[in-house]
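> Can you keep this structure in mind? I'll have questions shortly.
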Amino acid sequence: MNHLNIFKKIAFALFLSLSFLSETYAQCSTSNEVSITVVNDPTISITGAATICSGGTATLTATPTGGTGTCTIQWQSSANGSTGWADIAGANAATYAPVSLTTTTYYRTTYTCTGTDCNSATSNVQALTIVPNLTVQTQPQPITECVGGTTSMTVVLTSGTGTGTISYTWEQSTTGSGGWSAASGATNSATYTPPSATAGTMYYRVTASATGNGCTSVTSNNAQVDIIPDMTIQTQPQPITECVGGTTSMSVVLTSGTGTGTISYTWEQSATGSGGWSAASGATNSATYTPPSATAGTMYYRVTASATGAGCGSVTSSNAQVNVIPNLTVQTQPQPITECVGGTTSMSVVLTSGSGTGTISYTWEQSATGSGGWSAASGGTNSATYTPPSATAGTMYYRVIASATGNGCSSTTSNNAQVDIIPDIVITAEPQNITECLDGIIALSVTTTGGIGTTYTWQQSATGTGGWSAASGATNSNTYTPPSTAAGTLYYRVVVSSSGNGCGSQTSTTATVVIVAKPSVAVTTPNQTVCIGAVLTLNATPSGGTGTCGIQWQDSTDGGSSWNPISGATNNTYTTPPLGANTKYRATFTCNGNGCCN
């Protein structure tokens, strides 16, 4: 009730009292008394504003004062608290408890009294604020961490849901589908750190409850927690042996189910494998690493794997030795071969020790010229040694390609090796029979073709059919001069041999060598004394000698100081002309056989 109205009522009552007094003094009699009670205009206030969950209940209380007559309370509601006020049917009591509220609603009361000049009163406004029941905005998230990890999970309730005191109850289950019990070590908190002392899987959830009127509880989704063993290595990096330029990689494989989060790899190298580790050249964050191979040598490598997962440590692999080998080179080249048809001489290649790795293979090739037209060598096998075919005489060139299967290993080709296949020995000119005088020097000879490294062994025999022995004074020559110091007959032959592989020997035909005495001649006619005009017949007896022999008679008229050949006197007998002076006669016997007249 406003103060101006109260003041007006008081003033009016005073006016009536004064009028009455003046009349009393003016009148002779006094009437009965009329009592006028003046009360305050009606007033009313309400309490009970509250915040409750949807569907909750609350009681509003009205406290009226003043007014007279029959007084009535009327509860009103509004959606916004300032307009749209509407009476609530039947809500006339001093208290009002709304039911099934789902939205915030504002309330007030009017207080009306029937007393004279009683004005209506309107209460203050009270709100019943309706909040949604608890809901989860952010669910607890799964955790994957190593043993000893301390990762927490958290539930975040949707802002503006629930009212009163919020409490949290964490639960755990081995299956996530039942058997829920209080979570180990959990407290009344929106955050929970699962235990991680033992590897395994556990499921967690949280129930959030609010004490506000009408507020129900809400249970989060299940969150799976996997506690993983710390990292271990299942497969260590393996040693590598490769050629310069190889690209073989080494890898580490971690044991499945160990470590979690982001796995990083740090490769290191050491010249000794026992210390001095440094970042491996060219390494990246990968489980695989390709060591450099530009230079031959040995290096050791290892890798440390680290995991970012909570509680996860690191693990270092064992050392892996990497040997980078020089590419194949030839130390000893295949050598030329010269052999007879049917020879079995082999040629070989020797690779430089320590060059190439893996399986070494050999491919032999042949060429008719040695400068091109290479093809697979006849009968060649995968071997460092090759025996060229030798069935046919001729020249062929050979080479071998050596290849290594080791990573990065190239092949190397040997020098060419010339192979000459020579025909076997053939005697083309046999030793010839010899007849010569003592001291003759006619030589026996043999001519051959083919063969390699030919040697000559001269033999002699007294019969020509056996009993062969080394010829006297013979040397390793295709010619031989038989001794001629004694007259007689011997038989000779020569064995021609070849030292070349596959080469045989040939024995010559037998040559007869006859050594005869040197020529001699005797005049058998004795000295005589004859008369002038006498004619004598002289006889000469030649012996020895060989070849073409001839007698020449000579005469001397000066007692033998000078001799003159007699023309035409070449027979064994000579008839002198009629003699007129002292004359001497003699005969010469000449043979052109070797050694006869020297």
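Residues in the structure tokens are numbered from 1 in each chain, the chains being A, B, ... in the order shown, and ligands are numbered from 1 in the order shown.
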Can you tell me which residues surround Pro326 of chain A at a distance of at most 9 Å, considering only C-alpha atoms, apart from same-chain residues fewer than 6 positions away, and format the answer as a PyMOL selection string?
chain A and resi 242-244+295-297+354-357+409
> Name the residues in contact with segment 461-475 of chain A at a cut-off of 7 Å, using only C-alpha atoms, excluding same-chain residues fewer than 6 positions from it; report them as a list in words.
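Surrounding residues, per the criterion: Leu490, Tyr491, Tyr492 and Thr510 of chain A.
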> Quick one: of A:Ser152, A:Thr345, A:Ser306, A:Ser220, who's nearest to Thr193 of chain A, counting only C-alpha atoms?
A:Ser152
> Could you tell me which of A:Thr266, A:Thr369, A:Thr316, A:Ser281 comes closest to Thr235 of chain A if we count only C-alpha atoms?
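Among A:Thr266, A:Thr369, A:Thr316, A:Ser281, it is A:Thr316 that comes nearest to Thr235 of chain A.
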> If I take atom CA of Ala305 of chain A and atom CA of Ser264 of chain A, how far is one from the other in Å, to one decimal?
5.6 Å
> I want to know what sits within 7 Å of Ser217 of chain A, based on only C-alpha atoms, with residues of the same chain fewer than 6 positions away left out; could you give that as a list in words?
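These residues fall inside the cut-off: Leu134, Thr207, Ala208, Ser209 and Ala210 of chain A.
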> Just write the chosen residues, N, CA and C atoms, as a CSV table (one decimal), in the first residue's frame.

```
chain,number,residue,atom,x,y,z
A,134,LEU,N,21.6,-34.0,-15.5
A,134,LEU,CA,23.0,-34.2,-15.9
A,134,LEU,C,23.1,-35.0,-17.2
A,207,THR,N,29.9,-42.5,-12.7
A,207,THR,CA,28.5,-42.1,-12.5
A,207,THR,C,28.5,-40.7,-11.8
A,208,ALA,N,28.0,-39.7,-12.4
A,208,ALA,CA,27.9,-38.4,-11.8
A,208,ALA,C,26.5,-38.2,-11.3
A,209,SER,N,26.4,-37.7,-10.0
A,209,SER,CA,25.1,-37.5,-9.4
A,209,SER,C,25.0,-36.1,-8.9
A,210,ALA,N,23.8,-35.5,-8.9
A,210,ALA,CA,23.6,-34.1,-8.4
A,210,ALA,C,22.6,-34.1,-7.3
```
> I need the residues in segment 443-554 of chain A that are strand (DSSP E) according to DSSP; give them as a ChimeraX atom specification.
/A:444-445,447-449,454-461,469-470,479-480,488-498,505-507,511-516,520-523,537-543,549-554
> What does the structure give for the distance between atom CA of Thr43 of chain A and atom CA of Ala93 of chain A, in Å to one decimal?
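Between atom CA of Thr43 of chain A and atom CA of Ala93 of chain A the gap works out to 15.3 Å.
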> May I have the residues within 7 Å of segment 390-401 of chain A as a ChimeraX atom specification, using only C-alpha atoms and disregarding those fewer than 3 positions away in the same chain?
/A:341-343,362-370,411-423
> Nearest to Thr61 of chain A: which of A:Gln126, A:Thr116, A:Thr557, A:Thr37 is it, counting only C-alpha atoms?
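Between A:Gln126, A:Thr116, A:Thr557, A:Thr37, the residue approaching Thr61 of chain A most closely is A:Gln126.
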> For a quick check of understanding, using only C-alpha atoms, which of A:Ser505, A:Asn32, A:Thr573, A:Gln554 has the smallest distance to Asn539 of chain A?
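Nearest to Asn539 of chain A: A:Thr573.
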